[in-house]
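The structure file input_14.txt is reproduced below (compact mmCIF, C-alpha atoms and all ligand atoms).
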# COMPACT_ATOMS: atom_id res chain seq x y z
CA MET A 30 0.00 0.00 0.00
CA THR A 31 1.34 3.47 -0.81
CA LYS A 32 2.00 5.63 2.21
CA ARG A 33 -0.29 8.60 2.85
CA ARG A 34 1.67 11.79 2.31
CA VAL A 35 0.73 14.26 5.02
CA LEU A 36 1.71 17.80 5.94
CA VAL A 37 1.55 19.10 9.51
CA CYS A 38 1.42 22.91 9.72
CA GLY A 39 2.57 24.04 13.16
CA ALA A 40 4.80 20.95 13.51
CA GLY A 41 7.26 22.96 15.59
CA GLY A 42 4.57 23.50 18.22
CA PHE A 43 3.18 21.45 21.07
CA ILE A 44 0.26 19.49 19.56
CA GLY A 45 1.79 19.54 16.06
CA GLY A 46 4.97 17.93 17.43
CA HIS A 47 3.00 15.12 19.06
CA LEU A 48 0.90 14.71 15.92
CA VAL A 49 3.99 14.24 13.74
CA LYS A 50 5.11 11.42 16.00
CA ARG A 51 1.65 9.80 15.90
CA LEU A 52 1.34 10.07 12.10
CA LYS A 53 4.72 8.38 11.68
CA ALA A 54 3.47 5.57 13.92
CA GLU A 55 0.51 5.26 11.52
CA ASN A 56 3.01 4.71 8.71
CA CYS A 57 2.42 8.05 6.99
CA TRP A 58 5.08 9.98 5.12
CA VAL A 59 5.22 13.24 7.10
CA ARG A 60 6.38 16.73 6.21
CA GLY A 61 6.27 19.39 8.89
CA ILE A 62 6.34 23.15 8.56
CA ASP A 63 6.66 25.85 11.21
CA LEU A 64 8.29 29.21 11.88
CA LYS A 65 10.64 27.33 14.17
CA ARG A 66 11.93 23.84 14.78
CA ASN A 67 10.28 21.94 17.61
CA PRO A 68 12.29 22.94 20.69
CA PHE A 69 11.78 19.48 22.21
CA GLY A 70 13.02 17.56 19.19
CA ASN A 71 9.74 16.17 17.87
CA GLN A 72 10.52 17.28 14.32
CA GLN A 73 13.12 14.52 14.21
CA TYR A 74 10.22 12.14 13.52
CA ALA A 75 9.20 14.01 10.36
CA ASP A 76 10.54 12.82 7.01
CA GLU A 77 10.98 16.46 6.02
CA PHE A 78 10.80 19.68 8.01
CA ILE A 79 10.50 23.13 6.48
CA VAL A 80 11.20 26.26 8.48
CA GLY A 81 8.75 28.64 6.81
CA ASP A 82 6.04 31.24 7.31
CA LEU A 83 2.45 30.43 6.33
CA ARG A 84 1.70 34.16 6.10
CA ASN A 85 3.58 33.97 2.81
CA PRO A 86 1.37 32.48 0.02
CA GLU A 87 4.43 31.23 -1.90
CA THR A 88 5.58 29.23 1.11
CA CYS A 89 2.14 27.64 1.24
CA HIS A 90 2.59 26.41 -2.34
CA TYR A 91 6.11 25.25 -1.67
CA MET A 92 5.00 23.21 1.36
CA LEU A 93 2.64 21.20 -0.85
CA GLU A 94 5.15 20.40 -3.59
CA GLY A 95 5.49 16.78 -4.62
CA GLY A 96 1.86 16.05 -3.78
CA ILE A 97 0.24 15.89 -0.34
CA ASP A 98 -2.86 13.82 0.49
CA ASP A 99 -3.79 15.30 3.86
CA VAL A 100 -3.02 18.61 5.56
CA TYR A 101 -3.27 19.11 9.32
CA GLN A 102 -3.40 22.87 9.94
CA LEU A 103 -2.41 23.62 13.55
CA ALA A 104 -0.29 26.74 13.06
CA ALA A 105 -1.63 29.75 14.94
CA ASP A 106 -0.42 32.79 16.82
CA MET A 107 -1.27 31.26 20.10
CA GLY A 108 -0.66 31.25 23.83
CA GLY A 109 -2.26 30.91 27.25
CA ALA A 110 -4.40 33.48 29.06
CA GLY A 111 -1.39 35.78 29.55
CA TYR A 112 -1.05 35.99 25.76
CA ILE A 113 -4.57 35.90 24.32
CA PHE A 114 -6.79 37.40 27.04
CA THR A 115 -4.92 40.62 27.88
CA GLY A 116 -5.90 42.22 24.56
CA GLU A 117 -2.33 43.35 23.91
CA GLN A 118 -1.76 40.83 21.12
CA ASP A 119 -5.20 41.08 19.47
CA ALA A 120 -4.07 42.57 16.16
CA HIS A 121 -1.18 40.10 15.86
CA VAL A 122 -3.35 37.13 16.71
CA MET A 123 -6.05 38.01 14.20
CA HIS A 124 -3.72 39.07 11.40
CA ASN A 125 -1.21 36.23 11.72
CA SER A 126 -3.61 33.35 12.28
CA ALA A 127 -6.12 34.48 9.65
CA LEU A 128 -3.33 34.77 7.06
CA CYS A 129 -2.06 31.26 7.91
CA ASN A 130 -5.55 29.87 7.31
CA LEU A 131 -6.38 31.94 4.21
CA ASN A 132 -3.11 30.98 2.51
CA THR A 133 -3.15 27.33 3.56
CA VAL A 134 -6.68 26.53 2.45
CA GLU A 135 -6.27 28.32 -0.89
CA ALA A 136 -2.96 26.57 -1.63
CA ALA A 137 -4.54 23.25 -0.62
CA ARG A 138 -7.38 23.87 -3.09
CA GLN A 139 -4.99 24.75 -5.90
CA CYS A 140 -2.76 21.74 -5.17
CA ARG A 141 -5.75 19.37 -4.93
CA VAL A 142 -5.13 18.23 -1.38
CA LYS A 143 -7.59 15.45 -0.53
CA ARG A 144 -8.44 16.35 3.07
CA ILE A 145 -7.66 19.23 5.36
CA PHE A 146 -7.92 19.31 9.15
CA TYR A 147 -8.31 22.59 11.03
CA SER A 148 -7.73 23.00 14.77
CA SER A 149 -10.32 25.41 16.10
CA SER A 150 -10.77 26.13 19.79
CA ALA A 151 -13.42 26.09 22.51
CA CYS A 152 -12.61 29.81 22.77
CA MET A 153 -15.05 30.36 19.87
CA TYR A 154 -18.05 29.51 22.10
CA PRO A 155 -20.17 32.45 23.28
CA GLU A 156 -19.30 34.00 26.60
CA TYR A 157 -22.97 34.17 27.69
CA ASN A 158 -23.10 30.35 27.94
CA GLN A 159 -19.98 30.26 30.12
CA LEU A 160 -20.86 32.63 32.97
CA ASP A 161 -21.83 29.94 35.50
CA PRO A 162 -18.68 28.05 36.55
CA GLU A 163 -20.76 25.03 37.59
CA ASN A 164 -22.83 24.78 34.44
CA PRO A 165 -21.13 25.97 31.24
CA LYS A 166 -22.64 25.01 27.90
CA CYS A 167 -20.35 24.07 25.01
CA THR A 168 -22.40 21.86 22.73
CA GLU A 169 -21.35 22.16 19.11
CA ASP A 170 -24.70 23.68 18.12
CA SER A 171 -24.45 26.46 20.74
CA ALA A 172 -21.94 28.57 18.78
CA TYR A 173 -24.52 31.10 17.57
CA PRO A 174 -25.42 33.89 18.16
CA ALA A 175 -21.65 34.27 18.30
CA GLN A 176 -20.01 36.09 21.20
CA PRO A 177 -16.51 34.77 21.90
CA ASP A 178 -14.79 36.64 24.73
CA SER A 179 -11.49 37.10 22.83
CA GLU A 180 -10.24 38.05 19.37
CA TYR A 181 -8.47 34.68 19.35
CA GLY A 182 -11.93 33.06 19.55
CA TRP A 183 -13.34 35.29 16.81
CA GLU A 184 -10.49 34.35 14.48
CA LYS A 185 -11.14 30.66 15.16
CA LEU A 186 -14.81 31.13 14.34
CA PHE A 187 -13.98 33.02 11.13
CA SER A 188 -11.52 30.33 10.07
CA GLU A 189 -13.97 27.50 10.78
CA ARG A 190 -16.35 29.28 8.42
CA LEU A 191 -13.55 29.78 5.91
CA TYR A 192 -12.79 26.05 5.74
CA PHE A 193 -16.45 25.09 5.52
CA SER A 194 -16.98 27.62 2.71
CA TYR A 195 -14.19 25.88 0.77
CA GLN A 196 -15.92 22.58 1.44
CA ARG A 197 -19.21 23.91 0.04
CA ASN A 198 -17.89 25.90 -2.92
CA HIS A 199 -14.81 23.90 -3.92
CA ASN A 200 -15.80 20.41 -2.89
CA MET A 201 -12.88 20.05 -0.51
CA GLN A 202 -12.99 17.53 2.31
CA VAL A 203 -12.68 19.49 5.54
CA ARG A 204 -12.46 18.30 9.16
CA VAL A 205 -12.80 20.80 12.00
CA ALA A 206 -12.19 20.12 15.70
CA ARG A 207 -12.64 22.48 18.64
CA PHE A 208 -9.87 21.70 21.14
CA HIS A 209 -10.51 22.26 24.86
CA ASN A 210 -7.30 22.97 26.85
CA ILE A 211 -4.80 20.40 25.67
CA TYR A 212 -1.87 19.77 28.02
CA GLY A 213 1.08 17.46 28.40
CA PRO A 214 4.86 17.29 28.16
CA GLN A 215 6.82 19.03 25.41
CA GLY A 216 4.75 22.19 25.27
CA SER A 217 5.44 25.82 26.22
CA TRP A 218 6.09 25.97 29.95
CA LYS A 219 7.64 29.44 30.36
CA GLY A 220 8.09 32.69 28.48
CA GLY A 221 4.49 33.97 28.38
CA ARG A 222 2.77 31.61 25.92
CA GLU A 223 2.32 28.71 28.35
CA LYS A 224 -1.19 27.66 29.37
CA ALA A 225 -2.54 27.14 32.90
CA PRO A 226 -1.47 23.50 33.55
CA ALA A 227 2.10 24.13 32.37
CA ALA A 228 2.34 27.50 34.15
CA LEU A 229 1.10 25.98 37.42
CA CYS A 230 3.45 23.00 37.11
CA ARG A 231 6.36 25.42 36.62
CA LYS A 232 5.37 27.60 39.58
CA VAL A 233 5.07 24.54 41.83
CA ALA A 234 8.34 23.06 40.58
CA GLU A 235 10.15 26.36 41.20
CA ALA A 236 8.64 26.96 44.65
CA GLN A 237 10.62 26.29 47.80
CA GLU A 238 9.12 23.86 50.32
CA GLY A 239 6.73 25.77 52.61
CA GLY A 240 6.43 28.64 50.09
CA THR A 241 3.56 30.17 48.11
CA ILE A 242 2.49 30.05 44.47
CA GLN A 243 0.46 32.77 42.79
CA VAL A 244 -2.63 31.86 40.75
CA TRP A 245 -4.54 34.29 38.50
CA GLY A 246 -8.15 35.05 39.44
CA ASP A 247 -10.07 33.78 42.47
CA GLY A 248 -9.42 30.14 41.58
CA LYS A 249 -13.14 29.43 41.17
CA GLN A 250 -13.17 29.59 37.36
CA THR A 251 -13.65 26.08 35.94
CA ARG A 252 -12.07 24.20 33.01
CA SER A 253 -11.38 20.70 31.76
CA PHE A 254 -8.03 19.52 30.39
CA LEU A 255 -7.21 16.84 27.83
CA TYR A 256 -3.92 14.98 27.65
CA VAL A 257 -2.15 15.58 24.34
CA GLU A 258 -1.91 11.92 23.29
CA GLU A 259 -5.66 11.55 23.70
CA CYS A 260 -6.09 14.65 21.56
CA VAL A 261 -4.01 13.32 18.66
CA GLU A 262 -5.90 10.02 18.79
CA ALA A 263 -9.17 11.94 18.38
CA VAL A 264 -7.70 14.02 15.54
CA TRP A 265 -6.56 10.86 13.76
CA ARG A 266 -10.02 9.29 14.11
CA LEU A 267 -11.74 12.43 12.87
CA MET A 268 -9.49 12.62 9.82
CA ASP A 269 -10.10 8.93 9.15
CA SER A 270 -13.89 9.38 9.29
CA ASP A 271 -16.50 10.87 6.97
CA PHE A 272 -17.61 13.35 9.64
CA PRO A 273 -16.56 16.95 8.88
CA GLY A 274 -17.38 18.39 12.31
CA PRO A 275 -17.14 20.86 13.91
CA VAL A 276 -16.67 18.66 16.93
CA ASN A 277 -15.34 19.15 20.45
CA ILE A 278 -12.12 17.36 21.37
CA GLY A 279 -11.75 17.70 25.11
CA SER A 280 -12.33 16.17 28.50
CA GLU A 281 -15.51 16.35 30.58
CA GLU A 282 -13.58 16.14 33.86
CA MET A 283 -14.24 19.72 34.96
CA LEU A 284 -12.59 21.27 37.99
CA SER A 285 -11.77 24.73 39.28
CA ILE A 286 -8.37 26.32 38.69
CA GLY A 287 -7.88 26.29 42.47
CA GLU A 288 -8.45 22.52 42.46
CA LEU A 289 -6.08 22.12 39.54
CA ALA A 290 -3.37 24.02 41.43
CA GLN A 291 -4.04 21.90 44.52
CA MET A 292 -3.75 18.68 42.51
CA ILE A 293 -0.38 19.75 41.12
CA ILE A 294 0.84 20.65 44.62
CA GLU A 295 -0.20 17.17 45.81
CA ILE A 296 1.65 15.55 42.91
CA SER A 297 4.79 17.53 43.81
CA GLN A 298 4.49 16.35 47.45
CA LYS A 299 5.48 19.84 48.55
CA ASN A 300 3.82 21.83 51.25
CA LEU A 301 2.73 25.04 49.47
CA GLU A 302 0.16 27.83 49.93
CA ILE A 303 -1.83 29.38 47.09
CA GLU A 304 -2.18 33.15 46.76
CA TYR A 305 -4.89 34.32 44.35
CA ILE A 306 -3.93 37.48 42.47
CA GLU A 307 -5.46 39.58 39.71
CA GLY A 308 -4.74 38.36 36.21
CA PRO A 309 -6.32 37.42 32.87
CA THR A 310 -8.63 34.42 33.28
CA GLY A 311 -10.99 34.11 30.29
CA VAL A 312 -14.55 32.85 30.73
CA ARG A 313 -15.91 31.90 34.17
CA GLY A 314 -16.61 28.27 33.32
CA ARG A 315 -15.89 25.88 30.47
CA ASN A 316 -16.22 22.16 29.94
CA SER A 317 -16.16 19.97 26.88
CA ASP A 318 -19.39 18.30 25.80
CA ASN A 319 -18.46 14.95 24.28
CA LYS A 320 -21.84 13.59 23.22
CA LEU A 321 -21.30 14.32 19.53
CA ILE A 322 -17.78 12.92 19.30
CA ALA A 323 -18.82 9.78 21.20
CA GLN A 324 -21.69 9.28 18.81
CA LYS A 325 -19.79 10.03 15.57
CA LEU A 326 -16.33 8.63 16.32
CA GLY A 327 -16.81 6.41 19.37
CA TRP A 328 -14.08 8.42 21.07
CA GLN A 329 -13.76 9.42 24.71
CA PRO A 330 -10.74 10.18 26.86
CA HIS A 331 -9.37 7.22 28.80
CA ALA A 332 -7.03 8.52 31.46
CA PRO A 333 -8.06 10.72 34.40
CA LEU A 334 -6.56 14.20 34.61
CA ARG A 335 -4.34 13.26 37.54
CA GLU A 336 -2.51 10.64 35.47
CA GLY A 337 -1.64 13.08 32.67
CA LEU A 338 -0.71 15.79 35.18
CA GLU A 339 1.76 13.47 36.90
CA LYS A 340 3.60 12.97 33.59
CA THR A 341 3.40 16.68 32.78
CA TYR A 342 4.64 17.75 36.21
CA ALA A 343 7.55 15.30 36.03
CA TRP A 344 8.56 16.66 32.63
CA ILE A 345 8.30 20.35 33.64
CA ALA A 346 10.08 19.77 36.96
CA LYS A 347 12.91 18.23 34.93
CA GLN A 348 13.07 21.29 32.63
CA VAL A 349 13.20 23.54 35.71
CA ARG A 350 16.03 21.44 37.19
CA LEU A 351 17.94 21.48 33.88
CA GLU A 352 17.63 25.27 33.62
CA GLY A 353 18.69 25.67 37.20
CA GLY A 354 21.73 23.56 36.44
CA SER A 355 20.97 21.06 39.20
P1 LIG B 1 1.73 26.04 19.71
O1 LIG B 1 1.87 27.52 19.86
O2 LIG B 1 2.63 25.16 20.49
O3 LIG B 1 1.81 25.63 18.17
C1 LIG B 1 1.46 26.51 17.13
C2 LIG B 1 2.64 26.56 16.18
O4 LIG B 1 2.26 27.37 15.04
C3 LIG B 1 3.89 27.19 16.79
O5 LIG B 1 4.97 26.28 16.78
C4 LIG B 1 4.15 28.40 15.91
O6 LIG B 1 5.54 28.65 15.69
C5 LIG B 1 3.44 28.00 14.62
N1 LIG B 1 3.14 29.17 13.80
C6 LIG B 1 2.56 30.32 14.22
N2 LIG B 1 2.50 31.19 13.21
C7 LIG B 1 3.04 30.58 12.12
C8 LIG B 1 3.30 30.99 10.79
N3 LIG B 1 2.97 32.22 10.37
N4 LIG B 1 3.89 30.11 9.96
C9 LIG B 1 4.27 28.87 10.39
N5 LIG B 1 4.06 28.43 11.64
C10 LIG B 1 3.46 29.28 12.51
O7 LIG B 1 0.18 25.72 20.06
P2 LIG B 1 -0.53 24.33 20.29
O8 LIG B 1 -0.96 24.31 21.70
O9 LIG B 1 0.27 23.21 19.73
O10 LIG B 1 -1.84 24.55 19.39
C11 LIG B 1 -1.98 24.01 18.08
C12 LIG B 1 -3.30 24.47 17.50
O11 LIG B 1 -4.38 24.04 18.35
C13 LIG B 1 -3.43 25.97 17.39
O12 LIG B 1 -4.13 26.28 16.21
C14 LIG B 1 -4.25 26.36 18.59
O13 LIG B 1 -4.95 27.55 18.39
C15 LIG B 1 -5.16 25.15 18.70
N6 LIG B 1 -5.68 24.98 20.07
C16 LIG B 1 -4.83 24.60 21.07
C17 LIG B 1 -5.33 24.43 22.35
C18 LIG B 1 -4.44 24.02 23.49
O14 LIG B 1 -4.95 23.87 24.60
N7 LIG B 1 -3.16 23.81 23.29
C19 LIG B 1 -6.69 24.66 22.62
C20 LIG B 1 -7.51 25.06 21.58
C21 LIG B 1 -7.00 25.20 20.30
Re-express the file's structure as structure tokens.
Amino acid sequence: MTKRRVLVCGAGGFIGGHLVKRLKAENCWVRGIDLKRNPFGNQQYADEFIVGDLRNPETCHYMLEGGIDDVYQLAADMGGAGYIFTGEQDAHVMHNSALCNLNTVEAARQCRVKRIFYSSSACMYPEYNQLDPENPKCTEDSAYPAQPDSEYGWEKLFSERLYFSYQRNHNMQVRVARFHNIYGPQGSWKGGREKAPAALCRKVAEAQEGGTIQVWGDGKQTRSFLYVEECVEAVWRLMDSDFPGPVNIGSEEMLSIGELAQMIIEISQKNLEIEYIEGPTGVRGRNSDNKLIAQKLGWQPHAPLREGLEKTYAWIAKQVRLEGGS
């Protein structure tokens, strides 16, 4: 059987790096592209890796040379709450990510790519359904009337519509997933783009026994978190199915940020206090709703959050030790 030739856009990033590894395990021929090489070495699994900018339409043609069956588009100007919810990066986020999507989908059409996957985000769901931390609503059909609480979410919503318009008008096969807080080893853990689980693991790993860690907000905002390997399994199944989406890929194990911090402290076996301080937090409550994905793809997460957090904490604590030279 001839190998599927796939391209991963954003292969230098967290989920893209894990996806490259997974696609190789599925016996695909894999090309990756990103602004940067994967800092944790995952691009070594790719058959080819291009350092290139998707904001450039010519690069988007170049990345498809030689024929590509499937494109996985994960590149985005992206970060945790400290990056996307302060408002300071809004113009960058919208301009950069929209250009990546506009150029990629058009090049894919011209180069007759068979299928294209797009990684949207739960951040596109309307804020008014996520005000009650105990009872957020994120069913796939609750997206409209649209009211995301960030420009990052608006860009995701625009790009979902972009891909589906290409599906309708150009007969392209599109798959769209809405990721809900993906975490795990080999992702950003410092520098301002890291997300809550990685940031909290770093703070706990850096803290001295008996010390205090700072957490943004009052700790009562709720979220769920999905381990990265579970995420790439769901992406693979979606791409392998006839279901275009949009579909949630997330966990339904919701907890408060305070509880998340506490769980990480327990994993570390340190004795630490939590101090809640002002900071960007995003919506009050959010949880994945997995009814549709269970029905269409028979997928649900296997491992409890604690299991994935133990692996993530161990990896981040090691990075902290390596940086500290101990
Ligand atoms: P990431 O930041 O680790 O990966 C994104 C990659 O895109 C980066 O390596 C970046 O260098 C690359 N990129 C950005 N602009 C580019 C450009 N112009 N040209 C080429 N490459 C470019 O983020 P991630 O966590 O791996 O997220 C992957 C995708 O999933 C993103 O689209 C993100 O919005 C989406 N998503 C992630 C989460 C999550 O919890 N991690 C949640 C919802 C949605």
Contacts to ligand LIG 1 (chain B) at 7 Å cut-off (all atoms listed in the file) as a PyMOL selection string:
chain A and resi 38-45+62-65+67+81-84+103-108+125-126+129+148-151+207-212+216-217
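If only C-alpha atoms are the atoms counted, then among A:Arg266, A:Arg190, A:Arg252, A:Arg51 the closest residue to Gln159 in chain A is A:Arg252.
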Nearest to Glu235 in chain A, restricted to only C-alpha atoms and choosing among A:Ala323, A:Leu351, A:Leu289, A:Leu191, comes out as A:Leu351
Could you state the separation of CA of Pro214 in chain A and CA of Gln250 in chain A in Å, given to one decimal place?
23.7 Å
Pick out the residues sitting within 12 Å of Ser194 in chain A, and hand them over as a list in words; count only C-alpha atoms, and ignore anything fewer than 4 positions along from it in its own chain.
Leu131, Val134, Glu135, Arg138, Phe187, Ser188, Glu189, Arg190, Asn198, His199, Asn200, Met201, Gln202 and Val203 of chain A
Polymer residues at most 7 Å from Pro275 in chain A, all atoms listed in the file, same-chain spacing of 4 or more positions, as a PyMOL selection string:
chain A and resi 169+205-207
CA of Gly111 in chain A to CA of Thr133 in chain A, straight-line distance in Å:
27.4 Å
So that I can look at just that part, could you write range 252-279 of chain A with N, CA and C atoms, as a JSON list (two decimals), in the first residue's frame?
[["chain", "number", "residue", "atom", "x", "y", "z"],
["A", 252, "ARG", "N", -12.54, 24.67, 34.33],
["A", 252, "ARG", "CA", -12.07, 24.20, 33.01],
["A", 252, "ARG", "C", -11.95, 22.68, 33.04],
["A", 253, "SER", "N", -11.79, 22.10, 31.84],
["A", 253, "SER", "CA", -11.38, 20.70, 31.76],
["A", 253, "SER", "C", -10.12, 20.66, 30.90],
["A", 254, "PHE", "N", -9.34, 19.59, 31.05],
["A", 254, "PHE", "CA", -8.03, 19.52, 30.39],
["A", 254, "PHE", "C", -7.86, 18.13, 29.77],
["A", 255, "LEU", "N", -7.36, 18.12, 28.54],
["A", 255, "LEU", "CA", -7.21, 16.84, 27.83],
["A", 255, "LEU", "C", -5.74, 16.57, 27.56],
["A", 256, "TYR", "N", -5.32, 15.36, 27.86],
["A", 256, "TYR", "CA", -3.92, 14.98, 27.65],
["A", 256, "TYR", "C", -3.62, 14.90, 26.14],
["A", 257, "VAL", "N", -2.45, 15.38, 25.76],
["A", 257, "VAL", "CA", -2.15, 15.58, 24.34],
["A", 257, "VAL", "C", -2.24, 14.30, 23.51],
["A", 258, "GLU", "N", -1.85, 13.17, 24.08],
["A", 258, "GLU", "CA", -1.91, 11.92, 23.29],
["A", 258, "GLU", "C", -3.36, 11.50, 23.01],
["A", 259, "GLU", "N", -4.24, 11.83, 23.93],
["A", 259, "GLU", "CA", -5.66, 11.55, 23.70],
["A", 259, "GLU", "C", -6.18, 12.46, 22.59],
["A", 260, "CYS", "N", -5.68, 13.69, 22.59],
["A", 260, "CYS", "CA", -6.09, 14.65, 21.56],
["A", 260, "CYS", "C", -5.68, 14.17, 20.17],
["A", 261, "VAL", "N", -4.44, 13.72, 20.01],
["A", 261, "VAL", "CA", -4.01, 13.32, 18.66],
["A", 261, "VAL", "C", -4.72, 12.04, 18.21],
["A", 262, "GLU", "N", -5.09, 11.20, 19.15],
["A", 262, "GLU", "CA", -5.90, 10.02, 18.79],
["A", 262, "GLU", "C", -7.25, 10.46, 18.20],
["A", 263, "ALA", "N", -7.87, 11.44, 18.86],
["A", 263, "ALA", "CA", -9.17, 11.94, 18.38],
["A", 263, "ALA", "C", -9.02, 12.61, 17.01],
["A", 264, "VAL", "N", -7.93, 13.35, 16.83],
["A", 264, "VAL", "CA", -7.70, 14.02, 15.54],
["A", 264, "VAL", "C", -7.54, 12.96, 14.44],
["A", 265, "TRP", "N", -6.78, 11.93, 14.74],
["A", 265, "TRP", "CA", -6.56, 10.86, 13.76],
["A", 265, "TRP", "C", -7.89, 10.21, 13.38],
["A", 266, "ARG", "N", -8.72, 9.93, 14.39],
["A", 266, "ARG", "CA", -10.02, 9.29, 14.11],
["A", 266, "ARG", "C", -10.93, 10.20, 13.29],
["A", 267, "LEU", "N", -10.89, 11.49, 13.61],
["A", 267, "LEU", "CA", -11.74, 12.43, 12.87],
["A", 267, "LEU", "C", -11.31, 12.48, 11.41],
["A", 268, "MET", "N", -10.01, 12.54, 11.19],
["A", 268, "MET", "CA", -9.49, 12.62, 9.82],
["A", 268, "MET", "C", -9.80, 11.34, 9.04],
["A", 269, "ASP", "N", -9.87, 10.24, 9.76],
["A", 269, "ASP", "CA", -10.10, 8.93, 9.15],
["A", 269, "ASP", "C", -11.59, 8.66, 8.93],
["A", 270, "SER", "N", -12.44, 9.59, 9.36],
["A", 270, "SER", "CA", -13.89, 9.38, 9.29],
["A", 270, "SER", "C", -14.50, 10.21, 8.16],
["A", 271, "ASP", "N", -15.80, 10.06, 7.97],
["A", 271, "ASP", "CA", -16.50, 10.87, 6.97],
["A", 271, "ASP", "C", -17.17, 12.09, 7.61],
["A", 272, "PHE", "N", -16.92, 12.28, 8.91],
["A", 272, "PHE", "CA", -17.61, 13.35, 9.64],
["A", 272, "PHE", "C", -16.79, 14.64, 9.59],
["A", 273, "PRO", "N", -17.34, 15.71, 9.00],
["A", 273, "PRO", "CA", -16.56, 16.95, 8.88],
["A", 273, "PRO", "C", -16.43, 17.74, 10.17],
["A", 274, "GLY", "N", -17.35, 17.54, 11.14],
["A", 274, "GLY", "CA", -17.38, 18.39, 12.31],
["A", 274, "GLY", "C", -18.22, 19.62, 12.03],
["A", 275, "PRO", "N", -18.09, 20.70, 12.81],
["A", 275, "PRO", "CA", -17.14, 20.86, 13.91],
["A", 275, "PRO", "C", -17.49, 19.99, 15.11],
["A", 276, "VAL", "N", -16.43, 19.54, 15.79],
["A", 276, "VAL", "CA", -16.67, 18.66, 16.93],
["A", 276, "VAL", "C", -15.70, 19.00, 18.06],
["A", 277, "ASN", "N", -16.20, 18.91, 19.29],
["A", 277, "ASN", "CA", -15.34, 19.15, 20.45],
["A", 277, "ASN", "C", -14.34, 18.02, 20.61],
["A", 278, "ILE", "N", -13.10, 18.36, 20.91],
["A", 278, "ILE", "CA", -12.12, 17.36, 21.37],
["A", 278, "ILE", "C", -11.63, 17.87, 22.72],
["A", 279, "GLY", "N", -12.10, 17.23, 23.77],
["A", 279, "GLY", "CA", -11.75, 17.70, 25.11],
["A", 279, "GLY", "C", -12.11, 16.66, 26.14]]
